[in-house]
>>> print(open('start_11.cif').read())   # mmCIF, C-alpha atoms
data_protein
loop_
_atom_site.group_PDB
_atom_site.id
_atom_site.type_symbol
_atom_site.label_atom_id
_atom_site.label_comp_id
_atom_site.auth_asym_id
_atom_site.auth_seq_id
_atom_site.Cartn_x
_atom_site.Cartn_y
_atom_site.Cartn_z
ATOM 1 C CA MET A 89 -176.220 22.858 140.939
ATOM 2 C CA SER A 90 -173.256 25.113 141.478
ATOM 3 C CA LEU A 91 -172.009 27.518 138.842
ATOM 4 C CA LEU A 92 -168.468 26.802 140.014
ATOM 5 C CA SER A 93 -166.517 23.609 139.468
ATOM 6 C CA PRO A 94 -165.546 21.617 142.589
ATOM 7 C CA ALA A 95 -161.917 22.608 141.956
ATOM 8 C CA ASP A 96 -162.812 26.326 141.838
ATOM 9 C CA GLN A 97 -164.911 25.980 144.975
ATOM 10 C CA GLN A 98 -161.999 24.383 146.794
ATOM 11 C CA ALA A 99 -159.552 27.058 145.605
ATOM 12 C CA LEU A 100 -161.926 29.805 146.781
ATOM 13 C CA ARG A 101 -162.505 28.060 150.108
ATOM 14 C CA GLU A 102 -158.752 28.139 150.677
ATOM 15 C CA VAL A 103 -158.273 31.753 149.632
ATOM 16 C CA PHE A 104 -161.250 32.875 151.768
ATOM 17 C CA GLN A 105 -159.517 31.489 154.854
ATOM 18 C CA GLN A 106 -157.613 34.784 154.781
ATOM 19 C CA LEU A 107 -160.789 36.675 155.663
ATOM 20 C CA SER A 108 -160.248 38.167 159.086
ATOM 21 C CA ARG A 109 -163.605 39.926 159.329
ATOM 22 C CA ARG A 110 -167.103 39.400 158.061
ATOM 23 C CA VAL A 111 -167.863 40.672 154.567
ATOM 24 C CA ARG A 112 -171.444 41.649 153.804
ATOM 25 C CA LEU A 113 -172.550 41.675 150.194
ATOM 26 C CA LEU A 114 -175.556 43.989 150.126
ATOM 27 C CA PHE A 115 -177.475 42.991 147.056
ATOM 28 C CA PHE A 116 -179.810 45.733 145.810
ATOM 29 C CA THR A 117 -182.443 44.198 143.608
ATOM 30 C CA GLN A 118 -185.908 44.740 142.195
ATOM 31 C CA THR A 119 -188.503 42.286 140.991
ATOM 32 C CA ILE A 120 -189.633 44.065 137.850
ATOM 33 C CA GLY A 121 -187.460 45.474 135.096
ATOM 34 C CA CYS A 122 -184.211 43.849 136.126
ATOM 35 C CA GLU A 123 -183.102 41.268 133.608
ATOM 36 C CA THR A 124 -179.893 40.265 135.346
ATOM 37 C CA CYS A 125 -180.968 40.371 139.001
ATOM 38 C CA VAL A 126 -181.631 36.625 139.138
ATOM 39 C CA GLN A 127 -178.278 35.839 137.560
ATOM 40 C CA ALA A 128 -176.510 38.230 139.931
ATOM 41 C CA ARG A 129 -178.183 36.609 142.941
ATOM 42 C CA GLU A 130 -177.212 33.142 141.705
ATOM 43 C CA ILE A 131 -173.593 34.205 141.409
ATOM 44 C CA LEU A 132 -173.569 35.794 144.877
ATOM 45 C CA ASP A 133 -175.161 32.701 146.400
ATOM 46 C CA GLU A 134 -172.044 30.753 145.404
ATOM 47 C CA LEU A 135 -169.956 32.570 147.983
ATOM 48 C CA PRO A 136 -171.445 32.124 151.495
ATOM 49 C CA PRO A 137 -171.157 28.290 151.377
ATOM 50 C CA LEU A 138 -167.411 28.759 150.849
ATOM 51 C CA SER A 139 -166.788 30.896 153.933
ATOM 52 C CA ASP A 140 -168.496 31.674 157.230
ATOM 53 C CA GLN A 141 -167.155 35.199 156.843
ATOM 54 C CA ILE A 142 -169.282 36.002 153.775
ATOM 55 C CA VAL A 143 -172.970 36.860 153.962
ATOM 56 C CA VAL A 144 -175.391 38.072 151.300
ATOM 57 C CA GLU A 145 -178.148 40.468 152.331
ATOM 58 C CA GLU A 146 -180.831 41.311 149.845
ATOM 59 C CA VAL A 147 -182.231 44.841 149.743
ATOM 60 C CA ASN A 148 -185.295 45.614 147.663
ATOM 61 C CA LEU A 149 -184.588 48.815 145.787
ATOM 62 C CA VAL A 150 -188.274 49.657 145.506
ATOM 63 C CA LEU A 151 -189.486 48.662 148.967
ATOM 64 C CA GLU A 152 -186.422 49.703 150.965
ATOM 65 C CA LYS A 153 -185.848 53.163 149.529
ATOM 66 C CA GLU A 154 -184.355 54.494 152.729
ATOM 67 C CA LYS A 155 -181.619 51.891 152.822
ATOM 68 C CA ALA A 156 -180.945 52.359 149.105
ATOM 69 C CA ALA A 157 -180.629 56.110 149.657
ATOM 70 C CA ARG A 158 -178.258 55.593 152.582
ATOM 71 C CA PHE A 159 -175.866 53.757 150.263
ATOM 72 C CA GLY A 160 -176.627 56.008 147.293
ATOM 73 C CA ILE A 161 -177.984 53.163 145.161
ATOM 74 C CA ASP A 162 -180.509 53.815 142.387
ATOM 75 C CA ARG A 163 -180.016 50.897 140.017
ATOM 76 C CA ALA A 164 -180.328 47.138 140.135
ATOM 77 C CA PRO A 165 -178.531 44.874 140.360
ATOM 78 C CA THR A 166 -175.951 46.657 142.529
ATOM 79 C CA ILE A 167 -173.687 44.925 145.005
ATOM 80 C CA VAL A 168 -172.303 47.023 147.845
ATOM 81 C CA LEU A 169 -169.405 45.520 149.738
ATOM 82 C CA ALA A 170 -169.594 46.220 153.452
ATOM 83 C CA TYR A 171 -167.865 44.707 156.455
ATOM 84 C CA ASP A 172 -168.249 44.248 160.167
ATOM 85 C CA ASP A 173 -165.995 46.499 162.184
ATOM 86 C CA PRO A 174 -165.377 45.022 165.622
ATOM 87 C CA ASP A 175 -163.865 48.323 166.822
ATOM 88 C CA SER A 176 -166.879 50.398 165.915
ATOM 89 C CA VAL A 177 -170.371 50.564 167.335
ATOM 90 C CA ASP A 178 -172.036 51.105 163.993
ATOM 91 C CA ALA A 179 -171.451 47.465 163.187
ATOM 92 C CA ILE A 180 -171.565 47.632 159.395
ATOM 93 C CA LYS A 181 -169.111 49.727 157.424
ATOM 94 C CA ASP A 182 -169.418 50.640 153.774
ATOM 95 C CA SER A 183 -166.237 49.837 151.849
ATOM 96 C CA ARG A 184 -167.323 52.291 149.121
ATOM 97 C CA ILE A 185 -166.739 49.513 146.576
ATOM 98 C CA ARG A 186 -169.705 48.640 144.366
ATOM 99 C CA PHE A 187 -170.498 46.427 141.407
ATOM 100 C CA LEU A 188 -173.224 47.494 139.004
ATOM 101 C CA GLY A 189 -174.545 44.540 137.018
ATOM 102 C CA ALA A 190 -174.159 40.807 137.421
ATOM 103 C CA PRO A 191 -170.554 39.915 138.371
ATOM 104 C CA ALA A 192 -170.217 37.280 135.653
ATOM 105 C CA GLY A 193 -167.108 36.208 133.759
ATOM 106 C CA TYR A 194 -164.048 38.295 134.444
ATOM 107 C CA GLU A 195 -165.990 40.435 136.921
ATOM 108 C CA PHE A 196 -166.358 37.442 139.216
ATOM 109 C CA GLY A 197 -162.582 37.498 139.696
ATOM 110 C CA SER A 198 -162.777 41.218 140.489
ATOM 111 C CA LEU A 199 -165.529 40.525 143.021
ATOM 112 C CA VAL A 200 -163.434 37.841 144.742
ATOM 113 C CA HIS A 201 -160.504 40.244 144.859
ATOM 114 C CA ALA A 202 -162.734 42.940 146.378
ATOM 115 C CA VAL A 203 -164.124 40.498 148.964
ATOM 116 C CA LEU A 204 -160.573 39.636 150.055
ATOM 117 C CA LEU A 205 -159.627 43.302 150.325
ATOM 118 C CA VAL A 206 -162.735 44.197 152.302
ATOM 119 C CA GLY A 207 -162.210 41.083 154.413
ATOM 120 C CA GLY A 208 -158.887 42.388 155.644
ATOM 121 C CA ARG A 209 -156.250 41.503 153.078
ATOM 122 C CA ALA A 210 -153.526 44.104 152.570
ATOM 123 C CA SER A 211 -153.923 46.451 149.603
ATOM 124 C CA ALA A 212 -152.214 45.446 146.369
ATOM 125 C CA LEU A 213 -151.183 49.074 145.857
ATOM 126 C CA GLY A 214 -147.621 50.219 146.461
ATOM 127 C CA ALA A 215 -146.636 52.393 149.415
ATOM 128 C CA LYS A 216 -146.278 55.479 147.221
ATOM 129 C CA SER A 217 -149.798 55.151 145.806
ATOM 130 C CA LEU A 218 -151.283 54.546 149.248
ATOM 131 C CA GLU A 219 -149.567 57.642 150.568
ATOM 132 C CA ARG A 220 -150.782 59.820 147.704
ATOM 133 C CA LEU A 221 -154.344 58.547 147.991
ATOM 134 C CA ALA A 222 -154.421 58.944 151.758
ATOM 135 C CA ALA A 223 -153.543 62.617 151.292
ATOM 136 C CA LEU A 224 -156.574 63.170 149.078
ATOM 137 C CA ASP A 225 -158.870 65.836 150.514
ATOM 138 C CA LYS A 226 -161.602 65.886 147.872
ATOM 139 C CA PRO A 227 -164.124 63.263 146.800
ATOM 140 C CA LEU A 228 -163.105 61.044 143.919
ATOM 141 C CA ALA A 229 -165.909 59.061 142.307
ATOM 142 C CA MET A 230 -164.435 56.378 140.096
ATOM 143 C CA GLN A 231 -166.476 54.356 137.618
ATOM 144 C CA VAL A 232 -164.784 51.501 135.814
ATOM 145 C CA PHE A 233 -166.656 50.229 132.777
ATOM 146 C CA THR A 234 -166.206 46.601 131.871
ATOM 147 C CA THR A 235 -167.877 43.932 129.759
ATOM 148 C CA PRO A 236 -168.655 40.358 130.825
ATOM 149 C CA THR A 237 -166.001 38.535 128.813
ATOM 150 C CA MET B 134 -158.174 52.629 145.832
ATOM 151 C CA ALA B 135 -161.502 53.140 147.646
ATOM 152 C CA PHE B 136 -159.904 51.384 150.563
ATOM 153 C CA ALA B 137 -156.947 53.738 150.571
ATOM 154 C CA SER B 138 -159.015 56.887 151.156
ATOM 155 C CA PRO B 139 -162.407 57.620 152.703
ATOM 156 C CA ASN B 140 -162.871 60.164 149.899
ATOM 157 C CA ILE B 141 -162.863 57.562 147.144
ATOM 158 C CA THR B 142 -165.749 55.488 145.874
ATOM 159 C CA ALA B 143 -165.145 52.801 143.256
ATOM 160 C CA VAL B 144 -167.898 51.372 141.107
ATOM 161 C CA ALA B 145 -167.444 48.606 138.548
ATOM 162 C CA VAL B 146 -170.108 49.073 135.904
ATOM 163 C CA GLU B 147 -171.111 46.275 133.559
ATOM 164 C CA ALA B 148 -171.401 48.359 130.395
ATOM 165 C CA THR B 149 -173.725 46.085 128.412
ATOM 166 C CA GLU B 150 -176.268 45.976 131.257
ATOM 167 C CA PHE B 151 -176.337 49.748 131.606
ATOM 168 C CA PRO B 152 -176.182 51.079 128.045
ATOM 169 C CA ASP B 153 -177.440 54.480 129.197
ATOM 170 C CA LEU B 154 -174.346 54.917 131.378
ATOM 171 C CA ALA B 155 -172.095 53.545 128.630
ATOM 172 C CA ARG B 156 -173.594 56.111 126.234
ATOM 173 C CA LYS B 157 -173.383 58.952 128.716
ATOM 174 C CA TYR B 158 -169.663 58.359 129.191
ATOM 175 C CA HIS B 159 -168.974 57.447 125.550
ATOM 176 C CA VAL B 160 -167.687 53.998 126.371
ATOM 177 C CA SER B 161 -166.451 52.414 123.155
ATOM 178 C CA GLY B 162 -163.820 50.139 124.663
ATOM 179 C CA VAL B 163 -163.154 48.564 128.029
ATOM 180 C CA PRO B 164 -161.808 48.952 130.567
ATOM 181 C CA LYS B 165 -162.642 52.624 130.677
ATOM 182 C CA THR B 166 -162.437 54.535 133.934
ATOM 183 C CA VAL B 167 -164.286 57.801 134.483
ATOM 184 C CA VAL B 168 -163.321 59.890 137.493
ATOM 185 C CA ASN B 169 -165.666 62.604 138.797
ATOM 186 C CA ASP B 170 -167.409 62.700 135.395
ATOM 187 C CA ASP B 171 -164.314 64.531 134.266
ATOM 188 C CA VAL B 172 -161.133 62.517 133.752
ATOM 189 C CA GLU B 173 -161.181 59.517 131.449
ATOM 190 C CA ILE B 174 -158.641 56.719 131.593
ATOM 191 C CA LEU B 175 -158.650 54.260 128.709
ATOM 192 C CA GLY B 176 -157.365 50.740 129.110
ATOM 193 C CA ALA B 177 -155.124 49.483 131.859
ATOM 194 C CA LEU B 178 -152.210 51.667 132.950
ATOM 195 C CA PRO B 179 -149.262 50.971 135.236
ATOM 196 C CA GLU B 180 -150.234 51.724 138.830
ATOM 197 C CA ASP B 181 -148.291 54.985 139.201
ATOM 198 C CA ALA B 182 -149.707 56.388 135.976
ATOM 199 C CA PHE B 183 -153.241 55.296 136.868
ATOM 200 C CA VAL B 184 -153.125 56.939 140.296
ATOM 201 C CA GLU B 185 -151.609 60.058 138.766
ATOM 202 C CA GLN B 186 -154.361 60.296 136.141
ATOM 203 C CA ALA B 187 -157.127 59.651 138.650
ATOM 204 C CA LEU B 188 -155.813 62.311 141.010
ATOM 205 C CA THR B 189 -155.890 64.962 138.275
ATOM 206 C CA ALA B 190 -159.680 64.904 138.756
ATOM 207 C CA SER B 191 -159.245 66.244 142.278
ATOM 208 C CA ARG B 192 -157.277 69.310 141.220
#
>>> encode(input="start_11.cif", output="structure tokens")
Amino acid sequence: MSLLSPADQQALREVFQQLSRRVRLLFFTQTIGCETCVQAREILDELPPLSDQIVVEEVNLVLEKEKAARFGIDRAPTIVLAYDDPDSVDAIKDSRIRFLGAPAGYEFGSLVHAVLLVGGRASALGAKSLERLAALDKPLAMQVFTTPT
Amino acid sequence: MAFASPNITAVAVEATEFPDLARKYHVSGVPKTVVNDDVEILGALPEDAFVEQALTASR
């Protein structure tokens, strides 16, 4: 049974038609000591049936330490948004966008927005912001704290 | 923003699931944005102001 209503599924199916490249949701999980991993997986599983361009790949945080380290992940559940780059040989590119915790409630909307962005939609930022950010020459690690409502 | 620069990473943290992080960064209201463990942005700001605030962490 889907978590989404048929109307929501249809709306998402339509909006996901914009996806011009494959989006990979790397789902870092662990079996023990992760209360919301099952919920997070259930939410993610809603997406691939709505678009051929969305895939979910599960990574076990405990058993696949090397992969977790490559993406800098040390907590579960974490979702890393990556995408296929047809112009590059290293196939999968990290978007550097992550979600820590189950993307429930309002966060689901943020996840959909991020999927569209990673899938090739133009940035919602204005030209001035894009220019300023592109000129950045130091790392900027941004953490946005939210709650599920 | 992470898409606008290879130097930026953006993480959405569900505060109730990670109370240790919420405590570490003194999160008492959401949304709260922490940049480089240094700059804190409370609530939602207009885009220009948000970018401006975030970039102060790189100076």
>>> interface_residues(input="start_11.cif", of="chain B", to="chain A", cutoff="8 Å", atoms="all atoms listed in the file", output="PDB file with C-alpha atoms, in the frame of the given file")
ATOM      1  CA  MET B 134    -158.174  52.629 145.832  1.00  0.00           C
ATOM      2  CA  ALA B 135    -161.502  53.140 147.646  1.00  0.00           C
ATOM      3  CA  PHE B 136    -159.904  51.384 150.563  1.00  0.00           C
ATOM      4  CA  ALA B 137    -156.947  53.738 150.571  1.00  0.00           C
ATOM      5  CA  SER B 138    -159.015  56.887 151.156  1.00  0.00           C
ATOM      6  CA  ASN B 140    -162.871  60.164 149.899  1.00  0.00           C
ATOM      7  CA  ILE B 141    -162.863  57.562 147.144  1.00  0.00           C
ATOM      8  CA  THR B 142    -165.749  55.488 145.874  1.00  0.00           C
ATOM      9  CA  ALA B 143    -165.145  52.801 143.256  1.00  0.00           C
ATOM     10  CA  VAL B 144    -167.898  51.372 141.107  1.00  0.00           C
ATOM     11  CA  ALA B 145    -167.444  48.606 138.548  1.00  0.00           C
ATOM     12  CA  VAL B 146    -170.108  49.073 135.904  1.00  0.00           C
ATOM     13  CA  GLU B 147    -171.111  46.275 133.559  1.00  0.00           C
ATOM     14  CA  ALA B 148    -171.401  48.359 130.395  1.00  0.00           C
ATOM     15  CA  THR B 149    -173.725  46.085 128.412  1.00  0.00           C
ATOM     16  CA  GLU B 150    -176.268  45.976 131.257  1.00  0.00           C
ATOM     17  CA  PHE B 151    -176.337  49.748 131.606  1.00  0.00           C
ATOM     18  CA  ALA B 155    -172.095  53.545 128.630  1.00  0.00           C
ATOM     19  CA  VAL B 160    -167.687  53.998 126.371  1.00  0.00           C
ATOM     20  CA  VAL B 163    -163.154  48.564 128.029  1.00  0.00           C
ATOM     21  CA  PRO B 164    -161.808  48.952 130.567  1.00  0.00           C
ATOM     22  CA  LYS B 165    -162.642  52.624 130.677  1.00  0.00           C
ATOM     23  CA  THR B 166    -162.437  54.535 133.934  1.00  0.00           C
ATOM     24  CA  VAL B 167    -164.286  57.801 134.483  1.00  0.00           C
ATOM     25  CA  VAL B 168    -163.321  59.890 137.493  1.00  0.00           C
ATOM     26  CA  ASN B 169    -165.666  62.604 138.797  1.00  0.00           C
ATOM     27  CA  ASP B 170    -167.409  62.700 135.395  1.00  0.00           C
ATOM     28  CA  GLU B 180    -150.234  51.724 138.830  1.00  0.00           C
ATOM     29  CA  ASP B 181    -148.291  54.985 139.201  1.00  0.00           C
ATOM     30  CA  VAL B 184    -153.125  56.939 140.296  1.00  0.00           C
ATOM     31  CA  LEU B 188    -155.813  62.311 141.010  1.00  0.00           C
ATOM     32  CA  ALA B 190    -159.680  64.904 138.756  1.00  0.00           C
ATOM     33  CA  SER B 191    -159.245  66.244 142.278  1.00  0.00           C
TER      34      SER B 191
END
>>> closest_residue(input="start_11.cif", among="A:Gly208, A:Phe116, A:Gly160, A:Met89", to="Val144 in chain A", atoms="only C-alpha atoms")
A:Phe116
>>> atom_distance(input="start_11.cif", atom1="CA of Ser93 in chain A", atom2="CA of Arg112 in chain A")
23.6 Å
>>> atom_distance(input="start_11.cif", atom1="CA of Phe115 in chain A", atom2="CA of Val203 in chain A")
13.7 Å
>>> closest_residue(input="start_11.cif", among="A:Val147, A:Ala128, A:Ala157, A:Leu107", to="Asp172 in chain A", atoms="only C-alpha atoms")
A:Leu107
>>> atom_distance(input="start_11.cif", atom1="CA of Pro174 in chain A", atom2="CA of Gln141 in chain A")
13.3 Å
>>> closest_residue(input="start_11.cif", among="A:Pro137, A:Gly207, A:Ile120, A:Arg101", to="Asp173 in chain A", atoms="all atoms listed in the file")
A:Gly207
>>> axis_aligned_box(input="start_11.cif", around="range 136-147 of chain B", padding_each_side="4 Å", output="JSON")
{"center_x": -164.0, "center_y": 53.2, "center_z": 143.1, "size_x": 22.2, "size_y": 21.9, "size_z": 27.1}
>>> residues_around(input="start_11.cif", residues="Gln98 in chain A", least_positions_apart="3", cutoff="12 Å", atoms="all atoms listed in the file", output="PDB file with C-alpha atoms, in the frame of the given file")
ATOM      1  CA  LEU A  92    -168.468  26.802 140.014  1.00  0.00           C
ATOM      2  CA  SER A  93    -166.517  23.609 139.468  1.00  0.00           C
ATOM      3  CA  PRO A  94    -165.546  21.617 142.589  1.00  0.00           C
ATOM      4  CA  ALA A  95    -161.917  22.608 141.956  1.00  0.00           C
ATOM      5  CA  ARG A 101    -162.505  28.060 150.108  1.00  0.00           C
ATOM      6  CA  GLU A 102    -158.752  28.139 150.677  1.00  0.00           C
ATOM      7  CA  VAL A 103    -158.273  31.753 149.632  1.00  0.00           C
ATOM      8  CA  PHE A 104    -161.250  32.875 151.768  1.00  0.00           C
ATOM      9  CA  GLN A 105    -159.517  31.489 154.854  1.00  0.00           C
ATOM     10  CA  GLU A 134    -172.044  30.753 145.404  1.00  0.00           C
ATOM     11  CA  LEU A 135    -169.956  32.570 147.983  1.00  0.00           C
ATOM     12  CA  PRO A 137    -171.157  28.290 151.377  1.00  0.00           C
ATOM     13  CA  LEU A 138    -167.411  28.759 150.849  1.00  0.00           C
ATOM     14  CA  SER A 139    -166.788  30.896 153.933  1.00  0.00           C
TER      15      SER A 139
END
>>> residues_around(input="start_11.cif", residues="Asn148 in chain A", least_positions_apart="4", cutoff="7 Å", atoms="all atoms listed in the file", output="list of chain:residue names")
A:Phe116, A:Thr117, A:Gln118, A:Glu152
>>> build_atoms(input="start_11.cif", residues="range 150-185 of chain B", atoms="N, CA and C atoms", output="mmCIF file, in the frame of the given file")
data_model
loop_
_atom_site.group_PDB
_atom_site.id
_atom_site.type_symbol
_atom_site.label_atom_id
_atom_site.label_comp_id
_atom_site.auth_asym_id
_atom_site.auth_seq_id
_atom_site.Cartn_x
_atom_site.Cartn_y
_atom_site.Cartn_z
ATOM 1 N N GLU B 150 -175.021 45.974 130.485
ATOM 2 C CA GLU B 150 -176.268 45.976 131.257
ATOM 3 C C GLU B 150 -176.804 47.385 131.486
ATOM 4 N N PHE B 151 -175.920 48.361 131.384
ATOM 5 C CA PHE B 151 -176.337 49.748 131.606
ATOM 6 C C PHE B 151 -175.923 50.613 130.420
ATOM 7 N N PRO B 152 -176.572 50.362 129.269
ATOM 8 C CA PRO B 152 -176.182 51.079 128.045
ATOM 9 C C PRO B 152 -176.344 52.590 128.173
ATOM 10 N N ASP B 153 -177.265 53.026 129.044
ATOM 11 C CA ASP B 153 -177.440 54.480 129.197
ATOM 12 C C ASP B 153 -176.180 55.108 129.797
ATOM 13 N N LEU B 154 -175.582 54.404 130.779
ATOM 14 C CA LEU B 154 -174.346 54.917 131.378
ATOM 15 C C LEU B 154 -173.194 54.824 130.373
ATOM 16 N N ALA B 155 -173.154 53.717 129.632
ATOM 17 C CA ALA B 155 -172.095 53.545 128.630
ATOM 18 C C ALA B 155 -172.173 54.654 127.581
ATOM 19 N N ARG B 156 -173.407 55.026 127.213
ATOM 20 C CA ARG B 156 -173.594 56.111 126.234
ATOM 21 C C ARG B 156 -173.192 57.452 126.821
ATOM 22 N N LYS B 157 -173.654 57.675 128.051
ATOM 23 C CA LYS B 157 -173.383 58.952 128.716
ATOM 24 C C LYS B 157 -171.876 59.240 128.786
ATOM 25 N N TYR B 158 -171.107 58.172 129.039
ATOM 26 C CA TYR B 158 -169.663 58.359 129.191
ATOM 27 C C TYR B 158 -168.877 57.927 127.952
ATOM 28 N N HIS B 159 -169.617 57.773 126.827
ATOM 29 C CA HIS B 159 -168.974 57.447 125.550
ATOM 30 C C HIS B 159 -168.024 56.256 125.661
ATOM 31 N N VAL B 160 -168.520 55.187 126.221
ATOM 32 C CA VAL B 160 -167.687 53.998 126.371
ATOM 33 C C VAL B 160 -167.694 53.221 125.056
ATOM 34 N N SER B 161 -166.535 53.184 124.392
ATOM 35 C CA SER B 161 -166.451 52.414 123.155
ATOM 36 C C SER B 161 -165.488 51.244 123.311
ATOM 37 N N GLY B 162 -164.717 51.250 124.376
ATOM 38 C CA GLY B 162 -163.820 50.139 124.663
ATOM 39 C C GLY B 162 -163.692 49.986 126.160
ATOM 40 N N VAL B 163 -163.315 48.787 126.590
ATOM 41 C CA VAL B 163 -163.154 48.564 128.029
ATOM 42 C C VAL B 163 -161.760 48.015 128.318
ATOM 43 N N PRO B 164 -161.201 48.163 129.507
ATOM 44 C CA PRO B 164 -161.808 48.952 130.567
ATOM 45 C C PRO B 164 -161.688 50.453 130.316
ATOM 46 N N LYS B 165 -162.717 51.172 130.720
ATOM 47 C CA LYS B 165 -162.642 52.624 130.677
ATOM 48 C C LYS B 165 -163.017 53.128 132.062
ATOM 49 N N THR B 166 -162.188 53.992 132.599
ATOM 50 C CA THR B 166 -162.437 54.535 133.934
ATOM 51 C C THR B 166 -162.788 56.004 133.824
ATOM 52 N N VAL B 167 -163.864 56.394 134.472
ATOM 53 C CA VAL B 167 -164.286 57.801 134.483
ATOM 54 C C VAL B 167 -164.209 58.282 135.928
ATOM 55 N N VAL B 168 -163.492 59.377 136.143
ATOM 56 C CA VAL B 168 -163.321 59.890 137.493
ATOM 57 C C VAL B 168 -164.009 61.249 137.614
ATOM 58 N N ASN B 169 -164.911 61.358 138.555
ATOM 59 C CA ASN B 169 -165.666 62.604 138.797
ATOM 60 C C ASN B 169 -166.302 63.155 137.523
ATOM 61 N N ASP B 170 -166.785 62.288 136.657
ATOM 62 C CA ASP B 170 -167.409 62.700 135.395
ATOM 63 C C ASP B 170 -166.493 63.586 134.558
ATOM 64 N N ASP B 171 -165.208 63.528 134.816
ATOM 65 C CA ASP B 171 -164.314 64.531 134.266
ATOM 66 C C ASP B 171 -163.113 63.888 133.563
ATOM 67 N N VAL B 172 -162.338 63.131 134.309
ATOM 68 C CA VAL B 172 -161.133 62.517 133.752
ATOM 69 C C VAL B 172 -161.457 61.127 133.224
ATOM 70 N N GLU B 173 -160.951 60.840 132.019
ATOM 71 C CA GLU B 173 -161.181 59.517 131.449
ATOM 72 C C GLU B 173 -159.861 58.783 131.294
ATOM 73 N N ILE B 174 -159.842 57.542 131.736
ATOM 74 C CA ILE B 174 -158.641 56.719 131.593
ATOM 75 C C ILE B 174 -159.004 55.507 130.756
ATOM 76 N N LEU B 175 -158.341 55.372 129.607
ATOM 77 C CA LEU B 175 -158.650 54.260 128.709
ATOM 78 C C LEU B 175 -157.670 53.121 128.914
ATOM 79 N N GLY B 176 -158.208 51.923 128.988
ATOM 80 C CA GLY B 176 -157.365 50.740 129.110
ATOM 81 C C GLY B 176 -156.736 50.636 130.479
ATOM 82 N N ALA B 177 -155.813 49.696 130.591
ATOM 83 C CA ALA B 177 -155.124 49.483 131.859
ATOM 84 C C ALA B 177 -153.785 50.204 131.809
ATOM 85 N N LEU B 178 -153.478 50.938 132.874
ATOM 86 C CA LEU B 178 -152.210 51.667 132.950
ATOM 87 C C LEU B 178 -151.380 51.089 134.087
ATOM 88 N N PRO B 179 -150.061 51.334 134.060
ATOM 89 C CA PRO B 179 -149.262 50.971 135.236
ATOM 90 C C PRO B 179 -149.795 51.733 136.450
ATOM 91 N N GLU B 180 -149.629 51.159 137.621
ATOM 92 C CA GLU B 180 -150.234 51.724 138.830
ATOM 93 C C GLU B 180 -149.929 53.215 139.044
ATOM 94 N N ASP B 181 -148.660 53.579 138.952
ATOM 95 C CA ASP B 181 -148.291 54.985 139.201
ATOM 96 C C ASP B 181 -149.034 55.930 138.260
ATOM 97 N N ALA B 182 -149.071 55.544 136.992
ATOM 98 C CA ALA B 182 -149.707 56.388 135.976
ATOM 99 C C ALA B 182 -151.217 56.454 136.214
ATOM 100 N N PHE B 183 -151.798 55.343 136.621
ATOM 101 C CA PHE B 183 -153.241 55.296 136.868
ATOM 102 C C PHE B 183 -153.614 56.211 138.032
ATOM 103 N N VAL B 184 -152.864 56.099 139.113
ATOM 104 C CA VAL B 184 -153.125 56.939 140.296
ATOM 105 C C VAL B 184 -152.941 58.416 139.930
ATOM 106 N N GLU B 185 -151.893 58.689 139.187
ATOM 107 C CA GLU B 185 -151.609 60.058 138.766
ATOM 108 C C GLU B 185 -152.783 60.641 137.969
#
